[in-house]
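Colleague: I am attaching a structure below and will ask some questions about it afterwards.
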Amino acid sequence: MSVETATAAKPVGRRPSDALREAFSKYGLITVLAALPIYLGITDLARDGTLTQLGNNLVLGLSNGAIYALIALGYTLVYGIIELINFAHGEVFMIGSMVAFGLWGTLGLGLATGPAGLAVGLFVALLAAMVVCGVMNVMIERVAYKPLRNAPKLAPLITAVGMSFILQNVGVLWLGSSPSSVPDLIRSQETLVNLGGVVIHRGDVLAIAVTIPLVFVLTSFIARSRLGKAMRATAQDPDAARLMGINVNTTISMTFLLGGMLAGAAGLINLLYQTSVWYFQGFTAGLIAFTAAVMGGIGNLKGAVLGGIIIGCIQQLADNRIGAQWTTAVVFGYLVLIMVFRPQGLIGEVTREAG
Amino acid sequence: MTNATAIFGRNKNLVMAVLCLGGAGLLPLFFDPLSNVTDNFITAGAYVVMALGLNIVVGFAGLLDLGYVAFYAIGAYTVGWFASDHFAAVNGGKGIHIASGALTSHLAGIHLNFLLILLVAVIIVGIAGMLIGLPTLRLRGDYIAIVTLAFGEIVYRFAVNGDQITFADGYKLTNGRQAISPIDSIDLPGLPPFDSAVDLRPYFWFVLALVALVLLVNFRLRDSRLGRAWIAIREDEVAAASMGVPLVKTKLLAYATGAAFGGMAGAFLGSYQFTVQADQFKFGFSIFLLAMIILGGLGSIWGVVFGALLLSFINTYFIPNVFNSLPHKLGLDFDLTVLSFGIFGFLILIVMVLRPQGLFPERRRALELTEGIGAGDSTFEVSQP
């Protein structure tokens with residue numbers, strides 16, 4: 001009997017179009033993603049006979065991608081637990097940059113500071129940016145999302161957009177409406193290693209050196225700690241988690257805290273890396289990082305990191321080959337393609353929203 | 001209840017529309033022909049048209065569209081392409097003229113009559129709305145918001161960088177930040193050509209006629225089979241589908257109809273402002289429109305009209321003229337106008353948290369929000385279907 005039902009549940013007589021569609025949804029996105037670098041690689045080889053330019057693009061892409069990955073983790077953590085796109089997350093990242101920049105002034109960090117002072121100062125700035133952004137993210141949740149937890153889903157998304165605009169204007173009030181340039185404390189554009197034409201700058205190493213331990217700490221925190229377990233339980237089923245004695249509100253707040261801290265760290269790295277800060281950086285970076293989170297499969301931590309790196313490479317390739325003025329259009333074009341081909345992302349599962 | 005009140009009750013919207021539009025129609029007679037008030041009202045009227053269009057997508061059908069500015073842009077570029085000398089080399093430099101009026105009949109470029117342009121804009125933008133809607137059909141909720149936002153940004157990028165895109169014999173797609181200008185003023189058959197340097201009032205009455213048309217379409221659509229289908233989808237997509245509502249067709253029609261209004265308003269604003277400049281089409285404008293319909297009450301037609309008028313006047317009058325000295329009085333030194341979008345964001349946040357149904361809610365929508373009728377959509381539902 002059970003065998004019969006099992007066979008009945010199987011699709012009878014798979015049509016070739018089904019197989020095609022399956023292959024399409026499985027490999028379509030990867031094909032689309034790989035198409036651009038492969039095409040550029042071939043044209044490079046045909047023109048110069050080397051892959052140096054592509055290699056340079058990818059190195060920069062990797063380090064930019066590390067920053068996007070940190071931001072994307074915040075999106076994915078929050079989405080995983082309350083299925084909300086925290087639209088203000090990019091702005092938290094921007095505020096992180098501004099806090100760090102402000103603190104440099106207070107600490108007196110400048111181009112003349114010695115390496116030891118620089119290391120201590122930057123570490124303090126990193127901690128401060130992380131704490132401020134974490135706390136701010138928790139407050140955003142309290143003010144804008146918590147009162148609407150039982151409202152229709154669009155309501156908190158709309159308040160998130162409103163929050164994002166408020167924070168942008170805080171940025172405008174703080175540092176004005178044009179980009180401010182920042183002292184290049186770590187001489188980020190200086191070459192550290194030159195691998196046969198592929199240049200690795202100090203900034204690239206910094207971005208990756210800060211990102212990897214943070215991601216490692218975060219993943220092991222969520223996998224091992226009691227609170228991480230509570231977070232996973234709440235993400236799976238909030239009602240059941242509550243019945244098991246988990247304080248759902250605290251857990252959600254902690255999720256926002258973690259996401260905000262990562263965004264703060266990304267803010268400091270971005271400040272050192274780009275040596276400029278302005279109120280609009282959060283909007284663009286936030287959307288690009290969101291694309292990364294969706295690409296990896298929203299709600300999935302590994303996916304966010306993978307997506308961040310891929311999107312970083314795409315962004316660099318677009319900057320360098322197509323023109324920086326088209327970058328956002330290219331990234332959003334990819335976002336639409338992901339939504340069409342594989343809304344659950346590269347390694348995500350099917351969710352209700354992305355059906 | 002007497003017969004008279006019954007009739008009045010049934011036609012309440014009609015009576016109100018006649019009173020409001022009639023009263024508004026007399027308004028510019030009390031002001032100077034070039035008065036700022038009239039100018040502000042014309043802009044506000046165009047925003048009302050756009051907000052009513054967005055209300056169809058977001059308020060009726062429940063599809064959160066964060067890229068509505070794309071339709072404004074495409075509508076404005078329609079008038080930029082077909083009523084200016086942008087394509088100056090066309091037809092060997094002699095231009096193409098279709099019922100364009102005496103003023104433009106000797107100019108190069110394409111010049112169509114404004115009514116034709118409205119029609120073309122509605123068609124082009126309606127198609128664009130469907131194209132943008134297509135990838136979102138499989139998606140729900142916030143994913144739709146992000147895809148529409150992405151489209152809005154892509155269209156903006158094309159508007160800004162369109163001067164680098166050339167086709168055929170060096171025709172540029174747009175003029176980017178340089179703007180396409182001048183654009184023909186409206187020249188309706190049987191009337192003298194509109195001239196915003198002499199008299200703004202014809203523009204006012206024209207936009208009022210547009211508002212009347214859009215209001216009529218809105219009310220008729222809301223009470224039609226299609227409008228009920230939209231509301232059914234908004235409340236519960238699965239239930240609506242199982243009751244036989246064709247999801248694809250209904251959603252695409254919502255996008256197309258909503259977009260068409262945005263295109264009309266865009267074409268009008270382009271013509272009224274003489275210029276189509278890419279920086280008008282930033283993401284913030286989508287949020288500005290969204291704030292209007294949230295403030296008024298999602299899905300409530302009169303509420304949306306009110307919200308659009310209110311925010312439009314806050315934007316064009318109160319922030320620059322009335323409150324701009326406020327920070328100075330408090331001893332702070334900044335220009336309030338740079339913060340206008342922060343103020344709109346704040347309004348959205350406050351309204352959504354304190355009064356999510358808006359100032360003049362639609363009854364059904366208010367019930368959804370307060371009694372959880374739409375609870376199938378609630379945040380904490382287990383997600384696997």
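Letters for chains follow the order of the structure tokens (A, B, ...), residue numbers begin at 1 for each chain, and ligand numbers begin at 1 in the order shown.
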For Met244 of chain A, list every protein, DNA or RNA residue within 10 Å, evaluated using only C-alpha atoms, and leave out those in the same chain fewer than 4 positions away; present the list as an NGL selection string.
Modeller: :A and (230 or 233 or 238-240)
Colleague: Tell me, as a PDB file with N, CA and C atoms, in the first residue's frame, which residues lie within 12 Å of Arg242 of chain A, counting only C-alpha atoms; anything in the same chain fewer than 3 positions away does not count.
Modeller:
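Listed below is the output, selection38.pdb:
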```pdb
ATOM      1  N   ALA A 230      19.024  29.022  19.964  1.00  0.00           N
ATOM      2  CA  ALA A 230      17.726  29.683  20.099  1.00  0.00           C
ATOM      3  C   ALA A 230      17.376  30.416  18.806  1.00  0.00           C
ATOM      4  N   MET A 231      18.386  31.041  18.197  1.00  0.00           N
ATOM      5  CA  MET A 231      18.120  31.747  16.945  1.00  0.00           C
ATOM      6  C   MET A 231      17.657  30.790  15.864  1.00  0.00           C
ATOM      7  N   ALA A 233      16.256  27.940  16.287  1.00  0.00           N
ATOM      8  CA  ALA A 233      14.923  27.429  16.625  1.00  0.00           C
ATOM      9  C   ALA A 233      13.855  28.457  16.273  1.00  0.00           C
ATOM     10  N   THR A 234      14.119  29.727  16.625  1.00  0.00           N
ATOM     11  CA  THR A 234      13.135  30.765  16.324  1.00  0.00           C
ATOM     12  C   THR A 234      12.934  30.902  14.822  1.00  0.00           C
ATOM     13  N   ALA A 235      14.035  30.787  14.079  1.00  0.00           N
ATOM     14  CA  ALA A 235      13.910  30.895  12.627  1.00  0.00           C
ATOM     15  C   ALA A 235      13.037  29.778  12.085  1.00  0.00           C
ATOM     16  N   GLN A 236      13.190  28.589  12.696  1.00  0.00           N
ATOM     17  CA  GLN A 236      12.436  27.456  12.183  1.00  0.00           C
ATOM     18  C   GLN A 236      10.954  27.582  12.502  1.00  0.00           C
ATOM     19  N   ASP A 237      10.636  27.883  13.743  1.00  0.00           N
ATOM     20  CA  ASP A 237       9.236  27.957  14.143  1.00  0.00           C
ATOM     21  C   ASP A 237       9.116  28.801  15.406  1.00  0.00           C
ATOM     22  N   PRO A 238       8.774  30.064  15.263  1.00  0.00           N
ATOM     23  CA  PRO A 238       8.751  30.966  16.423  1.00  0.00           C
ATOM     24  C   PRO A 238       7.791  30.508  17.514  1.00  0.00           C
ATOM     25  N   ASP A 239       6.648  29.976  17.113  1.00  0.00           N
ATOM     26  CA  ASP A 239       5.667  29.578  18.127  1.00  0.00           C
ATOM     27  C   ASP A 239       6.177  28.397  18.930  1.00  0.00           C
ATOM     28  N   GLY A 245      10.284  27.556  25.706  1.00  0.00           N
ATOM     29  CA  GLY A 245      10.897  28.415  26.706  1.00  0.00           C
ATOM     30  C   GLY A 245      11.943  29.363  26.172  1.00  0.00           C
ATOM     31  N   ILE A 246      11.975  29.534  24.866  1.00  0.00           N
ATOM     32  CA  ILE A 246      12.928  30.494  24.300  1.00  0.00           C
ATOM     33  C   ILE A 246      12.280  31.869  24.307  1.00  0.00           C
ATOM     34  N   ASN A 247      13.007  32.854  24.768  1.00  0.00           N
ATOM     35  CA  ASN A 247      12.488  34.216  24.732  1.00  0.00           C
ATOM     36  C   ASN A 247      12.669  34.758  23.316  1.00  0.00           C
ATOM     37  N   VAL A 248      11.569  34.724  22.564  1.00  0.00           N
ATOM     38  CA  VAL A 248      11.668  35.040  21.137  1.00  0.00           C
ATOM     39  C   VAL A 248      12.088  36.489  20.923  1.00  0.00           C
ATOM     40  N   ASN A 249      11.553  37.388  21.753  1.00  0.00           N
ATOM     41  CA  ASN A 249      11.897  38.799  21.563  1.00  0.00           C
ATOM     42  C   ASN A 249      13.386  39.049  21.767  1.00  0.00           C
ATOM     43  N   THR A 250      13.942  38.473  22.825  1.00  0.00           N
ATOM     44  CA  THR A 250      15.376  38.635  23.060  1.00  0.00           C
ATOM     45  C   THR A 250      16.173  38.048  21.911  1.00  0.00           C
ATOM     46  N   THR A 251      15.730  36.896  21.444  1.00  0.00           N
ATOM     47  CA  THR A 251      16.461  36.243  20.368  1.00  0.00           C
ATOM     48  C   THR A 251      16.473  37.111  19.121  1.00  0.00           C
ATOM     49  N   ILE A 252      15.310  37.699  18.822  1.00  0.00           N
ATOM     50  CA  ILE A 252      15.246  38.563  17.641  1.00  0.00           C
ATOM     51  C   ILE A 252      16.158  39.772  17.835  1.00  0.00           C
TER      52      ILE A 252
ATOM     53  N   PHE B 380       4.725  35.595  11.263  1.00  0.00           N
ATOM     54  CA  PHE B 380       5.187  34.409  11.961  1.00  0.00           C
ATOM     55  C   PHE B 380       4.519  33.131  11.496  1.00  0.00           C
TER      56      PHE B 380
END
```
Colleague: Considering only C-alpha atoms, can you say which of A:Leu346, A:Leu118, A:Leu154, A:Val135 comes closest to Glu83 of chain A?
Modeller: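 Nearest candidate to Glu83 of chain A out of A:Leu346, A:Leu118, A:Leu154, A:Val135: A:Leu154.
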Colleague: Provide as a VMD selection string the residues of chain A at most 7 Å from chain B, counting only C-alpha atoms.
Modeller: chain A and resid 82 to 83 144 147 to 155 159 162 to 163 165 to 166 169 237 to 238 326 329 332 336 339 to 340 351 to 355
Colleague: Got time to write the residues from that selection, C-alpha atoms, as a PDB file, in the first residue's frame?
Modeller:
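Saved the output as selection27.pdb:
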```
ATOM      1  CA  ILE A  82      11.652  37.206  10.927  1.00  0.00           C
ATOM      2  CA  GLU A  83      11.373  37.034   7.121  1.00  0.00           C
ATOM      3  CA  ALA A 144      10.079  50.209  13.433  1.00  0.00           C
ATOM      4  CA  PRO A 147       5.115  47.083  16.772  1.00  0.00           C
ATOM      5  CA  LEU A 148       4.221  45.622  13.392  1.00  0.00           C
ATOM      6  CA  ARG A 149       5.071  42.019  14.033  1.00  0.00           C
ATOM      7  CA  ASN A 150       1.485  40.882  13.560  1.00  0.00           C
ATOM      8  CA  ALA A 151       0.619  43.314  10.788  1.00  0.00           C
ATOM      9  CA  PRO A 152       0.627  42.273   7.130  1.00  0.00           C
ATOM     10  CA  LYS A 153       4.125  41.631   5.860  1.00  0.00           C
ATOM     11  CA  LEU A 154       4.312  44.732   3.745  1.00  0.00           C
ATOM     12  CA  ALA A 155       3.942  47.007   6.766  1.00  0.00           C
ATOM     13  CA  THR A 159       8.703  51.219   7.779  1.00  0.00           C
ATOM     14  CA  GLY A 162      11.168  54.970   5.933  1.00  0.00           C
ATOM     15  CA  MET A 163      13.873  54.162   8.472  1.00  0.00           C
ATOM     16  CA  PHE A 165      15.564  57.453   4.564  1.00  0.00           C
ATOM     17  CA  ILE A 166      15.729  58.826   8.077  1.00  0.00           C
ATOM     18  CA  ASN A 169      19.385  62.122   6.328  1.00  0.00           C
ATOM     19  CA  ASP A 237       9.236  27.957  14.143  1.00  0.00           C
ATOM     20  CA  PRO A 238       8.751  30.966  16.423  1.00  0.00           C
ATOM     21  CA  TRP A 326      26.549  51.106 -15.371  1.00  0.00           C
ATOM     22  CA  ALA A 329      22.302  48.518 -13.566  1.00  0.00           C
ATOM     23  CA  PHE A 332      20.350  44.793 -10.550  1.00  0.00           C
ATOM     24  CA  VAL A 336      16.290  40.233 -11.760  1.00  0.00           C
ATOM     25  CA  MET A 339      14.611  36.145  -9.383  1.00  0.00           C
ATOM     26  CA  VAL A 340      13.611  34.707 -12.738  1.00  0.00           C
ATOM     27  CA  THR A 351      10.815  29.674   0.796  1.00  0.00           C
ATOM     28  CA  ARG A 352       7.238  30.775   0.815  1.00  0.00           C
ATOM     29  CA  GLU A 353       8.061  34.149  -0.602  1.00  0.00           C
ATOM     30  CA  ALA A 354      10.204  33.000  -3.441  1.00  0.00           C
ATOM     31  CA  GLY A 355       7.956  30.019  -4.196  1.00  0.00           C
TER      32      GLY A 355
END
```
Colleague: Skipping near chain neighbours, those fewer than 6 positions away, what residues fall within 10 Å of segment 23-37 of chain A using only C-alpha atoms, listed as a list of chain:residue names?
Modeller: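 Answer for this query is A:Ser17, A:Thr43, A:Leu54, A:Asn57, A:Leu58, A:Met295, A:Ile310, A:Ile311, A:Cys313, A:Ile314, A:Leu317, A:Ala318, A:Tyr334, A:Leu337, A:Ile338, A:Met339, A:Val340, A:Phe341, A:Arg342, A:Pro343, A:Gln344, A:Gly345, A:Leu346.
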Colleague: Could those selected residues go to a file with C-alpha atoms, as a tab-separated table (two decimals), in the first residue's frame?
Modeller:
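Contents of result_33.tsv, freshly written:
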```tsv
chain	number	residue	atom	x	y	z
A	17	SER	CA	10.22	19.94	-20.96
A	43	THR	CA	38.65	38.04	-25.08
A	54	LEU	CA	40.90	39.45	-15.27
A	57	ASN	CA	39.56	42.35	-11.41
A	58	LEU	CA	38.93	39.21	-9.45
A	295	MET	CA	22.00	35.11	-4.78
A	310	ILE	CA	30.40	36.62	-6.51
A	311	ILE	CA	28.64	39.98	-6.49
A	313	CYS	CA	33.55	40.15	-8.64
A	314	ILE	CA	30.62	41.09	-10.87
A	317	LEU	CA	34.14	43.47	-13.71
A	318	ALA	CA	31.33	45.90	-14.45
A	334	TYR	CA	21.66	40.05	-12.21
A	337	LEU	CA	17.86	37.23	-13.49
A	338	ILE	CA	18.24	35.44	-10.16
A	339	MET	CA	14.61	36.15	-9.38
A	340	VAL	CA	13.61	34.71	-12.74
A	341	PHE	CA	15.85	31.65	-12.81
A	342	ARG	CA	16.38	30.66	-9.22
A	343	PRO	CA	14.64	32.78	-6.60
A	344	GLN	CA	15.79	30.39	-3.87
A	345	GLY	CA	19.40	31.29	-4.65
A	346	LEU	CA	22.48	29.19	-5.26
```
Colleague: Find the residues near Asn270 of chain A: any atom within 12 Å, counting only C-alpha atoms, skip ones fewer than 3 places away on the same chain, and give them as a PDB file with N, CA and C atoms, in the first residue's frame.
Modeller:
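Generated file (out01.pdb):
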```
ATOM      1  N   SER A  63      38.059  41.273  -2.531  1.00  0.00           N
ATOM      2  CA  SER A  63      38.118  42.099  -1.327  1.00  0.00           C
ATOM      3  C   SER A  63      36.861  42.955  -1.191  1.00  0.00           C
ATOM      4  N   ASN A  64      36.342  43.474  -2.315  1.00  0.00           N
ATOM      5  CA  ASN A  64      35.059  44.162  -2.236  1.00  0.00           C
ATOM      6  C   ASN A  64      33.975  43.208  -1.781  1.00  0.00           C
ATOM      7  N   GLY A  65      34.049  41.997  -2.323  1.00  0.00           N
ATOM      8  CA  GLY A  65      33.061  40.986  -1.984  1.00  0.00           C
ATOM      9  C   GLY A  65      33.072  40.665  -0.508  1.00  0.00           C
ATOM     10  N   ALA A  66      34.271  40.744   0.130  1.00  0.00           N
ATOM     11  CA  ALA A  66      34.335  40.472   1.565  1.00  0.00           C
ATOM     12  C   ALA A  66      33.490  41.494   2.319  1.00  0.00           C
ATOM     13  N   ILE A  67      33.552  42.760   1.888  1.00  0.00           N
ATOM     14  CA  ILE A  67      32.738  43.786   2.548  1.00  0.00           C
ATOM     15  C   ILE A  67      31.258  43.513   2.309  1.00  0.00           C
ATOM     16  N   TYR A  68      30.911  43.205   1.054  1.00  0.00           N
ATOM     17  CA  TYR A  68      29.511  42.900   0.765  1.00  0.00           C
ATOM     18  C   TYR A  68      29.045  41.691   1.568  1.00  0.00           C
ATOM     19  N   LEU A  70      29.963  40.757   4.530  1.00  0.00           N
ATOM     20  CA  LEU A  70      29.641  41.145   5.903  1.00  0.00           C
ATOM     21  C   LEU A  70      28.261  41.793   5.974  1.00  0.00           C
ATOM     22  N   ILE A  71      27.961  42.665   5.001  1.00  0.00           N
ATOM     23  CA  ILE A  71      26.648  43.311   5.017  1.00  0.00           C
ATOM     24  C   ILE A  71      25.558  42.288   4.709  1.00  0.00           C
ATOM     25  N   PHE A  93      25.263  50.265   7.994  1.00  0.00           N
ATOM     26  CA  PHE A  93      26.650  50.148   7.520  1.00  0.00           C
ATOM     27  C   PHE A  93      27.255  51.541   7.299  1.00  0.00           C
ATOM     28  N   MET A  94      26.463  52.413   6.674  1.00  0.00           N
ATOM     29  CA  MET A  94      26.947  53.776   6.414  1.00  0.00           C
ATOM     30  C   MET A  94      27.242  54.507   7.727  1.00  0.00           C
ATOM     31  N   ILE A  95      26.316  54.367   8.694  1.00  0.00           N
ATOM     32  CA  ILE A  95      26.535  55.016   9.979  1.00  0.00           C
ATOM     33  C   ILE A  95      27.792  54.447  10.640  1.00  0.00           C
ATOM     34  N   GLY A  96      28.036  53.155  10.439  1.00  0.00           N
ATOM     35  CA  GLY A  96      29.250  52.547  10.971  1.00  0.00           C
ATOM     36  C   GLY A  96      30.493  53.248  10.449  1.00  0.00           C
ATOM     37  N   SER A  97      30.505  53.520   9.149  1.00  0.00           N
ATOM     38  CA  SER A  97      31.634  54.251   8.565  1.00  0.00           C
ATOM     39  C   SER A  97      31.790  55.611   9.234  1.00  0.00           C
ATOM     40  N   MET A  98      30.653  56.287   9.433  1.00  0.00           N
ATOM     41  CA  MET A  98      30.722  57.642   9.979  1.00  0.00           C
ATOM     42  C   MET A  98      31.192  57.627  11.430  1.00  0.00           C
ATOM     43  N   ALA A 100      33.126  55.400  12.796  1.00  0.00           N
ATOM     44  CA  ALA A 100      34.556  55.120  12.795  1.00  0.00           C
ATOM     45  C   ALA A 100      35.345  56.369  12.408  1.00  0.00           C
ATOM     46  N   PHE A 101      34.848  57.079  11.400  1.00  0.00           N
ATOM     47  CA  PHE A 101      35.535  58.286  10.947  1.00  0.00           C
ATOM     48  C   PHE A 101      35.562  59.342  12.051  1.00  0.00           C
ATOM     49  N   LEU A 126      37.080  49.913  15.412  1.00  0.00           N
ATOM     50  CA  LEU A 126      36.303  48.747  14.966  1.00  0.00           C
ATOM     51  C   LEU A 126      35.277  48.361  16.019  1.00  0.00           C
ATOM     52  N   ALA A 129      32.508  51.035  16.256  1.00  0.00           N
ATOM     53  CA  ALA A 129      31.568  50.975  15.132  1.00  0.00           C
ATOM     54  C   ALA A 129      30.650  49.777  15.291  1.00  0.00           C
ATOM     55  N   VAL A 182      38.847  60.728   3.242  1.00  0.00           N
ATOM     56  CA  VAL A 182      39.305  60.284   4.545  1.00  0.00           C
ATOM     57  C   VAL A 182      40.794  60.007   4.419  1.00  0.00           C
ATOM     58  N   ASP A 184      44.155  58.210   4.200  1.00  0.00           N
ATOM     59  CA  ASP A 184      44.404  56.815   3.848  1.00  0.00           C
ATOM     60  C   ASP A 184      45.358  56.210   4.874  1.00  0.00           C
ATOM     61  N   SER A 188      46.153  52.018   1.620  1.00  0.00           N
ATOM     62  CA  SER A 188      45.476  50.821   1.118  1.00  0.00           C
ATOM     63  C   SER A 188      45.799  50.519  -0.334  1.00  0.00           C
ATOM     64  N   GLY A 203      44.953  47.060   1.116  1.00  0.00           N
ATOM     65  CA  GLY A 203      43.527  47.127   1.434  1.00  0.00           C
ATOM     66  C   GLY A 203      42.820  45.805   1.211  1.00  0.00           C
ATOM     67  N   ASP A 204      43.203  45.117   0.132  1.00  0.00           N
ATOM     68  CA  ASP A 204      42.572  43.826  -0.153  1.00  0.00           C
ATOM     69  C   ASP A 204      42.820  42.856   0.992  1.00  0.00           C
ATOM     70  N   LEU A 206      43.583  43.567   4.076  1.00  0.00           N
ATOM     71  CA  LEU A 206      42.867  43.981   5.283  1.00  0.00           C
ATOM     72  C   LEU A 206      41.422  43.508   5.233  1.00  0.00           C
ATOM     73  N   ALA A 207      40.744  43.765   4.092  1.00  0.00           N
ATOM     74  CA  ALA A 207      39.328  43.422   3.998  1.00  0.00           C
ATOM     75  C   ALA A 207      39.134  41.944   4.272  1.00  0.00           C
ATOM     76  N   ILE A 208      39.994  41.130   3.678  1.00  0.00           N
ATOM     77  CA  ILE A 208      39.805  39.691   3.849  1.00  0.00           C
ATOM     78  C   ILE A 208      40.237  39.256   5.240  1.00  0.00           C
ATOM     79  N   VAL A 210      39.999  40.857   8.020  1.00  0.00           N
ATOM     80  CA  VAL A 210      38.991  41.143   9.047  1.00  0.00           C
ATOM     81  C   VAL A 210      37.754  40.290   8.836  1.00  0.00           C
ATOM     82  N   THR A 211      37.409  40.065   7.564  1.00  0.00           N
ATOM     83  CA  THR A 211      36.156  39.368   7.277  1.00  0.00           C
ATOM     84  C   THR A 211      36.202  37.908   7.710  1.00  0.00           C
ATOM     85  N   ALA A 263      27.675  44.857  10.221  1.00  0.00           N
ATOM     86  CA  ALA A 263      27.595  46.032   9.344  1.00  0.00           C
ATOM     87  C   ALA A 263      28.566  47.102   9.811  1.00  0.00           C
ATOM     88  N   GLY A 264      28.704  47.271  11.139  1.00  0.00           N
ATOM     89  CA  GLY A 264      29.656  48.248  11.657  1.00  0.00           C
ATOM     90  C   GLY A 264      31.080  47.907  11.252  1.00  0.00           C
ATOM     91  N   ALA A 265      31.426  46.616  11.371  1.00  0.00           N
ATOM     92  CA  ALA A 265      32.763  46.195  10.960  1.00  0.00           C
ATOM     93  C   ALA A 265      32.976  46.489   9.482  1.00  0.00           C
ATOM     94  N   ALA A 266      31.961  46.165   8.677  1.00  0.00           N
ATOM     95  CA  ALA A 266      32.061  46.442   7.247  1.00  0.00           C
ATOM     96  C   ALA A 266      32.237  47.937   7.010  1.00  0.00           C
ATOM     97  N   GLY A 267      31.569  48.749   7.838  1.00  0.00           N
ATOM     98  CA  GLY A 267      31.695  50.190   7.692  1.00  0.00           C
ATOM     99  C   GLY A 267      33.128  50.650   7.878  1.00  0.00           C
ATOM    100  N   TYR A 273      39.251  51.152   3.116  1.00  0.00           N
ATOM    101  CA  TYR A 273      39.459  50.613   1.790  1.00  0.00           C
ATOM    102  C   TYR A 273      39.176  51.656   0.722  1.00  0.00           C
ATOM    103  N   GLN A 274      38.041  52.337   0.856  1.00  0.00           N
ATOM    104  CA  GLN A 274      37.658  53.319  -0.174  1.00  0.00           C
ATOM    105  C   GLN A 274      38.198  54.710   0.130  1.00  0.00           C
ATOM    106  N   THR A 275      38.641  54.938   1.339  1.00  0.00           N
ATOM    107  CA  THR A 275      39.121  56.237   1.821  1.00  0.00           C
ATOM    108  C   THR A 275      38.154  57.371   1.496  1.00  0.00           C
ATOM    109  N   SER A 276      36.865  57.059   1.559  1.00  0.00           N
ATOM    110  CA  SER A 276      35.876  58.131   1.476  1.00  0.00           C
ATOM    111  C   SER A 276      34.617  57.647   2.172  1.00  0.00           C
ATOM    112  N   VAL A 277      33.784  58.607   2.531  1.00  0.00           N
ATOM    113  CA  VAL A 277      32.545  58.254   3.220  1.00  0.00           C
ATOM    114  C   VAL A 277      31.491  59.269   2.808  1.00  0.00           C
ATOM    115  N   TRP A 278      30.296  58.775   2.515  1.00  0.00           N
ATOM    116  CA  TRP A 278      29.185  59.704   2.284  1.00  0.00           C
ATOM    117  C   TRP A 278      27.871  59.019   2.572  1.00  0.00           C
ATOM    118  N   GLN A 281      26.451  55.918   0.480  1.00  0.00           N
ATOM    119  CA  GLN A 281      27.153  54.661   0.261  1.00  0.00           C
ATOM    120  C   GLN A 281      26.351  53.468   0.764  1.00  0.00           C
ATOM    121  N   GLY A 282      25.568  53.709   1.821  1.00  0.00           N
ATOM    122  CA  GLY A 282      24.813  52.609   2.402  1.00  0.00           C
ATOM    123  C   GLY A 282      23.710  52.128   1.496  1.00  0.00           C
ATOM    124  N   ALA A 285      25.477  50.118  -1.432  1.00  0.00           N
ATOM    125  CA  ALA A 285      26.105  48.905  -0.907  1.00  0.00           C
ATOM    126  C   ALA A 285      25.043  47.979  -0.333  1.00  0.00           C
TER     127      ALA A 285
END
```
Colleague: To one decimal place in Å, what is the distance between atom CA of Leu195 of chain A and atom CA of Asp48 of chain A?
Modeller: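 These atoms are spaced 17.1 Å apart.
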Colleague: Could you go through segment 88-312 of chain A and tell me which residues DSSP, when run on the backbone, assigns to strand (DSSP E or B), listing them as a PyMOL selection string?
Modeller: chain A and resi 180-181+191-195+198-201+276-277
Colleague: Could you please determine the separation between atom CA of Gly59 of chain B and atom CA of Ala259 of chain B in Å, to one decimal place?
Modeller: 13.6 Å
